[in-house]
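Printed here is upload-v2.tsv (TSV, C-alpha atoms and all ligand atoms):
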chain	number	residue	atom	x	y	z
A	1	MET	CA	1.91	9.57	2.27
A	2	ARG	CA	1.63	8.52	5.88
A	3	VAL	CA	-0.64	10.07	8.48
A	4	PHE	CA	-1.30	9.37	12.13
A	5	ASP	CA	-4.86	8.27	12.78
A	6	PRO	CA	-5.78	9.27	16.35
A	7	ALA	CA	-8.94	7.15	16.32
A	8	ALA	CA	-7.05	3.97	15.59
A	9	ALA	CA	-3.85	5.15	17.32
A	10	THR	CA	-1.86	3.99	14.38
A	11	VAL	CA	-0.06	5.33	11.35
A	12	LEU	CA	-2.00	5.02	8.13
A	13	THR	CA	-0.35	4.73	4.77
A	14	LEU	CA	-2.35	6.48	2.08
A	15	CYS	CA	-2.56	5.65	-1.59
A	16	SER	CA	-0.26	7.97	-3.52
A	17	GLN	CA	-2.96	8.50	-6.12
A	18	CYS	CA	-6.08	9.26	-4.09
A	19	ASP	CA	-4.69	9.93	-0.59
A	20	LYS	CA	-6.99	7.34	0.95
A	21	PRO	CA	-6.07	4.30	3.02
A	22	GLU	CA	-5.99	0.98	1.22
A	23	SER	CA	-9.36	-0.04	2.67
A	24	GLN	CA	-11.02	3.01	1.08
A	25	CYS	CA	-8.95	3.28	-2.07
A	26	THR	CA	-10.89	2.57	-5.22
A	27	CYS	CA	-8.00	3.09	-7.62
A	28	GLU	CA	-7.25	0.36	-10.08
A	29	LYS	CA	-4.58	-1.60	-8.26
A	30	PHE	CA	-1.58	-2.82	-10.16
A	31	CYS	CA	2.07	-3.21	-9.37
A	32	CYS	CA	4.01	0.00	-9.93
A	33	PHE	CA	6.92	-2.02	-11.35
A	34	CYS	CA	5.59	-4.92	-13.41
A	35	GLN	CA	1.94	-3.84	-13.82
A	36	SER	CA	0.75	-7.17	-12.43
A	37	GLN	CA	-2.77	-7.13	-10.98
A	38	PHE	CA	-2.49	-10.16	-8.72
A	39	ASN	CA	-2.24	-9.90	-4.94
A	40	ILE	CA	-1.53	-6.19	-5.13
A	41	ARG	CA	-1.09	-4.54	-1.76
A	42	LEU	CA	-0.37	-1.01	-0.68
A	43	ALA	CA	3.15	-0.72	0.69
A	44	VAL	CA	4.42	1.73	3.29
A	45	ASP	CA	5.66	4.10	0.58
A	46	GLY	CA	2.12	4.60	-0.75
A	47	MET	CA	2.72	2.60	-3.92
A	48	TYR	CA	1.10	-0.67	-4.91
A	49	TYR	CA	3.26	-3.75	-5.36
A	50	CYS	CA	2.82	-7.37	-6.28
A	51	PRO	CA	4.39	-9.79	-3.78
A	52	ASP	CA	7.47	-10.42	-5.94
A	53	CYS	CA	8.34	-6.77	-6.53
A	54	ARG	CA	7.59	-5.91	-2.92
A	55	GLU	CA	10.07	-8.50	-1.80
A	56	ALA	CA	12.62	-7.43	-4.41
A	57	CYS	CA	12.33	-3.81	-3.26
A	58	ASP	CA	12.25	-4.80	0.41
A	59	VAL	CA	9.18	-2.71	1.21
A	60	ARG	CA	6.57	-3.68	3.75
A	61	VAL	CA	2.82	-3.91	3.29
A	62	ALA	CA	1.14	-0.92	4.90
A	63	ASP	CA	-1.24	-3.01	6.99
A	64	ALA	CA	1.51	-5.19	8.37
A	65	GLU	CA	2.43	-2.48	10.84
A	66	GLN	CA	-0.94	-2.57	12.53
A	67	HIS	CA	-0.86	-5.14	15.26
B	101	ZN	ZN	-6.07	5.11	-4.38
B	102	ZN	ZN	5.37	-6.41	-9.61

Would you write out, as structure tokens, the structure that this file holds?
Amino acid sequence: MRVFDPAAATVLTLCSQCDKPESQCTCEKFCCFCQSQFNIRLAVDGMYYCPDCREACDVRVADAEQH
């Protein structure tokens, strides 16, 4: 899920499990494809990916949009 955060004037991507941004998410983070637990980042679709699967699926890290 993605929401606009007026305070930060940016679009936040929320964890699909807890509806919190990555910085506040306390879910166990593992890749939604390969179940890897290394370098897992929240992507713009609200799912967690390892770097390899993220690249394979061509999805961006949620934070990467915030300049
Ligand atoms: Zn979460
Ligand atoms: Zn993976």

Write out as a ChimeraX atom specification each polymer residue (protein, DNA or RNA) that has an atom no more than 10 Å from ligand ZN 102 (chain B), with only C-alpha atoms and all ligand atoms counted. /A:30-40,48-57

Please produce, as a tab-separated table, a per-residue contact table for chain A versus ligand ZN 101 (chain B) (criterion: any atom at most 6 Å away, only C-alpha atoms and all ligand atoms considered), showing the nearest atom pair and its distance in Å to one decimal, sorted by chain then residue number.
residue	atom	partner	partner_atom	distance
A:Cys15	CA	B:ZN101	ZN	4.5
A:Gln17	CA	B:ZN101	ZN	4.9
A:Cys18	CA	B:ZN101	ZN	4.2
A:Lys20	CA	B:ZN101	ZN	5.9
A:Cys25	CA	B:ZN101	ZN	4.1
A:Thr26	CA	B:ZN101	ZN	5.5
A:Cys27	CA	B:ZN101	ZN	4.3

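The space between atom CA of A:Lys29 and atom CA of A:Ala9 spans 26.5 Å.
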
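Atom pair atom CA of A:Val61 / atom CA of A:Val3: separated by 15.3 Å.
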
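If you measure from each of A:Phe4, A:Val11, A:Ser16, A:Val59 to A:Met47 using all atoms listed in the file, the closest one turns out to be A:Ser16.
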
Could N, CA, C and O atoms be built for stretch 19-45 of chain A and written out as an mmCIF file, in the frame of the given file?
data_model
loop_
_atom_site.group_PDB
_atom_site.id
_atom_site.type_symbol
_atom_site.label_atom_id
_atom_site.label_comp_id
_atom_site.auth_asym_id
_atom_site.auth_seq_id
_atom_site.Cartn_x
_atom_site.Cartn_y
_atom_site.Cartn_z
ATOM 1 N N ASP A 19 -4.860 9.508 -1.982
ATOM 2 C CA ASP A 19 -4.690 9.930 -0.590
ATOM 3 C C ASP A 19 -5.723 9.303 0.339
ATOM 4 O O ASP A 19 -6.181 9.931 1.289
ATOM 5 N N LYS A 20 -6.118 8.074 0.055
ATOM 6 C CA LYS A 20 -6.990 7.340 0.950
ATOM 7 C C LYS A 20 -6.275 6.077 1.410
ATOM 8 O O LYS A 20 -5.421 5.562 0.698
ATOM 9 N N PRO A 21 -6.665 5.566 2.597
ATOM 10 C CA PRO A 21 -6.070 4.300 3.020
ATOM 11 C C PRO A 21 -6.488 3.169 2.091
ATOM 12 O O PRO A 21 -7.484 3.285 1.359
ATOM 13 N N GLU A 22 -5.735 2.083 2.135
ATOM 14 C CA GLU A 22 -5.990 0.980 1.220
ATOM 15 C C GLU A 22 -7.429 0.497 1.288
ATOM 16 O O GLU A 22 -8.037 0.160 0.278
ATOM 17 N N SER A 23 -8.007 0.482 2.500
ATOM 18 C CA SER A 23 -9.360 -0.040 2.670
ATOM 19 C C SER A 23 -10.404 0.838 1.980
ATOM 20 O O SER A 23 -11.495 0.385 1.681
ATOM 21 N N GLN A 24 -10.061 2.110 1.731
ATOM 22 C CA GLN A 24 -11.020 3.010 1.080
ATOM 23 C C GLN A 24 -10.618 3.372 -0.334
ATOM 24 O O GLN A 24 -11.358 4.041 -1.042
ATOM 25 N N CYS A 25 -9.455 2.948 -0.736
ATOM 26 C CA CYS A 25 -8.950 3.280 -2.070
ATOM 27 C C CYS A 25 -9.717 2.516 -3.130
ATOM 28 O O CYS A 25 -9.911 1.310 -3.014
ATOM 29 N N THR A 26 -10.174 3.217 -4.130
ATOM 30 C CA THR A 26 -10.890 2.570 -5.220
ATOM 31 C C THR A 26 -10.103 2.659 -6.527
ATOM 32 O O THR A 26 -10.640 2.428 -7.600
ATOM 33 N N CYS A 27 -8.841 3.032 -6.420
ATOM 34 C CA CYS A 27 -8.000 3.090 -7.620
ATOM 35 C C CYS A 27 -7.854 1.682 -8.199
ATOM 36 O O CYS A 27 -7.959 0.696 -7.488
ATOM 37 N N GLU A 28 -7.586 1.641 -9.473
ATOM 38 C CA GLU A 28 -7.250 0.360 -10.080
ATOM 39 C C GLU A 28 -5.882 -0.034 -9.558
ATOM 40 O O GLU A 28 -4.917 0.721 -9.681
ATOM 41 N N LYS A 29 -5.818 -1.211 -8.943
ATOM 42 C CA LYS A 29 -4.580 -1.600 -8.260
ATOM 43 C C LYS A 29 -3.718 -2.479 -9.159
ATOM 44 O O LYS A 29 -4.128 -3.559 -9.562
ATOM 45 N N PHE A 30 -2.548 -1.996 -9.444
ATOM 46 C CA PHE A 30 -1.580 -2.820 -10.160
ATOM 47 C C PHE A 30 -0.183 -2.457 -9.681
ATOM 48 O O PHE A 30 0.052 -1.359 -9.169
ATOM 49 N N CYS A 31 0.709 -3.392 -9.849
ATOM 50 C CA CYS A 31 2.070 -3.210 -9.370
ATOM 51 C C CYS A 31 2.744 -2.047 -10.089
ATOM 52 O O CYS A 31 2.675 -1.948 -11.313
ATOM 53 N N CYS A 32 3.398 -1.183 -9.338
ATOM 54 C CA CYS A 32 4.010 0.000 -9.930
ATOM 55 C C CYS A 32 5.260 -0.367 -10.736
ATOM 56 O O CYS A 32 5.788 0.464 -11.463
ATOM 57 N N PHE A 33 5.732 -1.615 -10.596
ATOM 58 C CA PHE A 33 6.920 -2.020 -11.350
ATOM 59 C C PHE A 33 6.586 -2.876 -12.554
ATOM 60 O O PHE A 33 7.004 -2.589 -13.664
ATOM 61 N N CYS A 34 5.810 -3.961 -12.320
ATOM 62 C CA CYS A 34 5.590 -4.920 -13.410
ATOM 63 C C CYS A 34 4.165 -4.860 -13.945
ATOM 64 O O CYS A 34 3.827 -5.606 -14.851
ATOM 65 N N GLN A 35 3.329 -4.012 -13.376
ATOM 66 C CA GLN A 35 1.940 -3.840 -13.820
ATOM 67 C C GLN A 35 1.065 -5.061 -13.554
ATOM 68 O O GLN A 35 -0.027 -5.151 -14.091
ATOM 69 N N SER A 36 1.560 -6.016 -12.784
ATOM 70 C CA SER A 36 0.750 -7.170 -12.430
ATOM 71 C C SER A 36 -0.471 -6.713 -11.626
ATOM 72 O O SER A 36 -0.441 -5.674 -10.956
ATOM 73 N N GLN A 37 -1.559 -7.497 -11.721
ATOM 74 C CA GLN A 37 -2.770 -7.130 -10.980
ATOM 75 C C GLN A 37 -3.129 -8.181 -9.941
ATOM 76 O O GLN A 37 -4.232 -8.165 -9.400
ATOM 77 N N PHE A 38 -2.209 -9.086 -9.659
ATOM 78 C CA PHE A 38 -2.490 -10.160 -8.720
ATOM 79 C C PHE A 38 -1.883 -9.874 -7.348
ATOM 80 O O PHE A 38 -0.714 -9.515 -7.238
ATOM 81 N N ASN A 39 -2.700 -10.054 -6.327
ATOM 82 C CA ASN A 39 -2.240 -9.900 -4.940
ATOM 83 C C ASN A 39 -1.564 -8.553 -4.698
ATOM 84 O O ASN A 39 -0.559 -8.466 -3.999
ATOM 85 N N ILE A 40 -2.111 -7.519 -5.275
ATOM 86 C CA ILE A 40 -1.530 -6.190 -5.130
ATOM 87 C C ILE A 40 -1.884 -5.623 -3.762
ATOM 88 O O ILE A 40 -3.047 -5.630 -3.353
ATOM 89 N N ARG A 41 -0.874 -5.139 -3.077
ATOM 90 C CA ARG A 41 -1.090 -4.540 -1.760
ATOM 91 C C ARG A 41 -0.398 -3.191 -1.700
ATOM 92 O O ARG A 41 0.638 -2.977 -2.324
ATOM 93 N N LEU A 42 -0.991 -2.306 -0.898
ATOM 94 C CA LEU A 42 -0.370 -1.010 -0.680
ATOM 95 C C LEU A 42 0.822 -1.176 0.263
ATOM 96 O O LEU A 42 0.703 -1.776 1.321
ATOM 97 N N ALA A 43 1.945 -0.650 -0.140
ATOM 98 C CA ALA A 43 3.150 -0.720 0.690
ATOM 99 C C ALA A 43 3.320 0.576 1.469
ATOM 100 O O ALA A 43 2.603 1.555 1.231
ATOM 101 N N VAL A 44 4.258 0.583 2.385
ATOM 102 C CA VAL A 44 4.420 1.730 3.290
ATOM 103 C C VAL A 44 4.844 2.998 2.568
ATOM 104 O O VAL A 44 4.760 4.080 3.133
ATOM 105 N N ASP A 45 5.285 2.887 1.315
ATOM 106 C CA ASP A 45 5.660 4.100 0.580
ATOM 107 C C ASP A 45 4.495 4.671 -0.233
ATOM 108 O O ASP A 45 4.667 5.627 -0.974
#
